[in-house]
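Report on the structure given below.
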Amino acid sequence: MRLIADRLGVDRGGRPILRDVSFAVAGGEALKVVGPNGAGKSTLLRALAGLIAPVAGDVRLDGGDPEAPPREAMHLLGHLDAVKAGLSVRRNIVFARDVLGGEGDVDASLDRVGLGALADLPGSVLSAGQKRRLALARLLAAPRPVWLLDEPTAALDASGQALLAELVAEHRAKGGLVVAATHLDMGFEAARLELGAVAAVS
Ligand SMILES: Nc1ncnc2c1ncn2[C@@H]1O[C@H](COP(=O)(O)OP(=O)(O)OP(=O)(O)O)[C@@H](O)[C@H]1O
């Protein structure tokens, strides 16, 4: 599988944010998107996920299900954790699995991210780092080959950051691919896409 962005152009609020952004990420690979605040990192992830229509170029997923839109192969972990405050921690994951599809084991996913003991508590009581861990559990419970991660280490402690690096390594070993926007070291090797006045891949 290959995720390809081809001369992508994206506007927001009528302003050009991304122009001529091109890259390809193959299964097993990771791409780290960097750039200053406002450079368009989140915008790029949202465009890849099909949530914002590009004004130029396109996003393709080669080797995926030709019948399904590319977004169905993607998991966007946004910088907001999208926790449903009124649902229990476990129900949050069941809900995500029902919406996104997938056969992941809900309790095993929670155990893996260290939230097993909190499964019956409402989502509203989770700390910022625990909400981030809940978002990681969603990646496991509703497996999809393309992970789009927006500032995935935000609010994670050292063990959470190590867990993220492990999950990414396992995902890549299974042929999954990762595009991650970040200001920080994420503890794994990745190609680099720098957004700024001019976008370039190195
Ligand atoms: N809904 C919106 N309407 C109009 N402009 C927007 C909207 N969302 C984002 N923008 C603008 O798009 C630009 C890129 O924002 P984006 O969130 O993609 O940047 P970023 O690189 O992820 O920034 P940060 O490092 O601060 O998270 C910014 O100038 C922002 O103000």
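For the structure tokens, the naming scheme is as follows: chains receive sequential letters (A, B, ...) according to their order of presentation, residues are indexed from 1 within each chain, and ligands are indexed from 1 in presentation order.
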
Site check for ligand 1: residues at most 6 Å away, only C-alpha atoms and all ligand atoms, as a VMD selection string: chain A and resid 12 to 13 17 36 to 43

Could you find all residues in region 2-200 of chain A that DSSP calls strand (DSSP E) from the backbone, and write them as a PyMOL selection string? chain A and resi 2-12+15-26+30-34+56-62+74-77+146-150+177-181+191-194+200

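Our summary of the geometry notes that CA of Gly78 (chain A) is positioned 16.1 Å from CA of Val99 (chain A).
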
Residues of region 16-48 of chain A classed as alpha helix (DSSP H) by DSSP on the backbone are to be reported as a count of residues only. 8

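Around Ala181 (chain A), within 8 Å and counting only C-alpha atoms, the residues found are A:Lys32, A:Val33, A:Val34, A:Lys41, A:Ser42, A:Leu45, A:Leu149, A:Asp150, A:Glu151, A:Pro152, A:Val179, A:His183, once anything fewer than 2 positions away on its own chain is removed.
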
Just-selected residues, N, CA and C atoms written as a compact mmCIF listing (two decimals), in the first residue's frame:
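Below you can see selection_11.txt, which holds the result:
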# COMPACT_ATOMS: atom_id res chain seq x y z
N LYS A 32 7.18 12.15 9.03
CA LYS A 32 7.00 13.13 10.11
C LYS A 32 6.83 14.50 9.45
N VAL A 33 5.71 15.17 9.75
CA VAL A 33 5.42 16.48 9.16
C VAL A 33 5.78 17.54 10.19
N VAL A 34 6.70 18.41 9.82
CA VAL A 34 7.14 19.44 10.76
C VAL A 34 6.95 20.82 10.14
N LYS A 41 0.17 21.83 9.25
CA LYS A 41 0.35 20.40 9.55
C LYS A 41 -0.99 19.71 9.78
N SER A 42 -1.82 20.31 10.66
CA SER A 42 -3.14 19.71 10.92
C SER A 42 -3.99 19.76 9.66
N LEU A 45 -3.10 16.84 7.48
CA LEU A 45 -3.66 15.57 7.96
C LEU A 45 -5.15 15.49 7.67
N LEU A 149 -1.53 10.98 12.60
CA LEU A 149 -1.41 11.33 14.02
C LEU A 149 -1.03 12.80 14.17
N ASP A 150 -1.90 13.56 14.85
CA ASP A 150 -1.64 14.99 15.03
C ASP A 150 -1.11 15.22 16.44
N GLU A 151 0.13 15.62 16.53
CA GLU A 151 0.78 15.83 17.84
C GLU A 151 0.50 14.65 18.78
N PRO A 152 0.86 13.43 18.38
CA PRO A 152 0.44 12.27 19.16
C PRO A 152 1.06 12.19 20.55
N VAL A 179 1.57 8.86 9.13
CA VAL A 179 1.95 10.25 8.89
C VAL A 179 1.67 10.99 10.20
N HIS A 183 5.89 18.66 16.80
CA HIS A 183 7.01 19.57 17.08
C HIS A 183 8.10 18.83 17.84

Can you pull out the residues contacting Leu140 (chain A)? Cut-off 12 Å, using only C-alpha atoms, and skip same-chain residues under 2 positions away; I want them as a ChimeraX atom specification. /A:75,77,93-94,96-97,100-113,133-138,142-145,147,164,167-168,170-171

Save out the residues we just selected, C-alpha atoms, as a compact mmCIF listing (two decimals), in the first residue's frame.
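This went into part-v1.txt:
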# COMPACT_ATOMS: atom_id res chain seq x y z
CA HIS A 75 -7.43 6.67 11.23
CA LEU A 77 -5.92 10.91 15.72
CA ILE A 93 -13.93 2.43 22.55
CA VAL A 94 -16.96 0.30 21.67
CA ALA A 96 -15.39 4.16 18.07
CA ARG A 97 -15.17 0.55 16.91
CA LEU A 100 -15.06 3.06 12.35
CA GLY A 101 -15.49 -0.67 11.97
CA GLY A 102 -13.06 -3.30 13.15
CA GLU A 103 -12.66 -6.36 15.23
CA GLY A 104 -10.13 -5.22 17.80
CA ASP A 105 -10.52 -6.48 21.34
CA VAL A 106 -11.84 -3.54 23.37
CA ASP A 107 -10.56 -4.63 26.78
CA ALA A 108 -7.20 -5.73 25.41
CA SER A 109 -6.86 -2.32 23.74
CA LEU A 110 -7.57 -0.56 27.04
CA ASP A 111 -5.16 -2.81 28.91
CA ARG A 112 -2.46 -2.11 26.34
CA VAL A 113 -2.66 1.64 26.89
CA ARG A 133 -4.11 7.05 25.79
CA LEU A 134 -7.80 6.47 25.09
CA ALA A 135 -7.25 7.86 21.61
CA LEU A 136 -4.39 5.38 21.16
CA ALA A 137 -6.70 2.54 22.26
CA ARG A 138 -9.02 3.53 19.40
CA ALA A 142 -10.53 -0.24 15.08
CA PRO A 143 -7.44 -1.27 13.10
CA ARG A 144 -6.83 0.64 9.87
CA PRO A 145 -3.67 0.61 7.75
CA TRP A 147 -2.52 6.26 10.87
CA LEU A 164 3.35 5.27 21.28
CA LEU A 167 2.55 0.87 18.82
CA VAL A 168 3.91 2.67 15.77
CA GLU A 170 4.17 -2.79 15.60
CA HIS A 171 1.83 -1.07 13.14

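Compared by their closest atoms to Ala73 (chain A), and using only C-alpha atoms, the residues A:Val89, A:Val178, A:Leu44, A:Ala119 rank with A:Val178 nearest.
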
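Across A:Leu139, A:Arg46, A:Pro122, A:Phe23, the tightest approach to Val83 (chain A) is made by A:Pro122 when counting only C-alpha atoms.
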
What is the distance, in Å and to one decimal place, between CA of Leu61 (chain A) and CA of Ala5 (chain A)? 8.9 Å

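CA of Ala49 (chain A) lies 19.4 Å from CA of Arg132 (chain A).
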
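Closest to Asp58 (chain A) among A:Leu8, A:Val25, A:Leu184, A:Met1 is A:Leu8, based on only C-alpha atoms.
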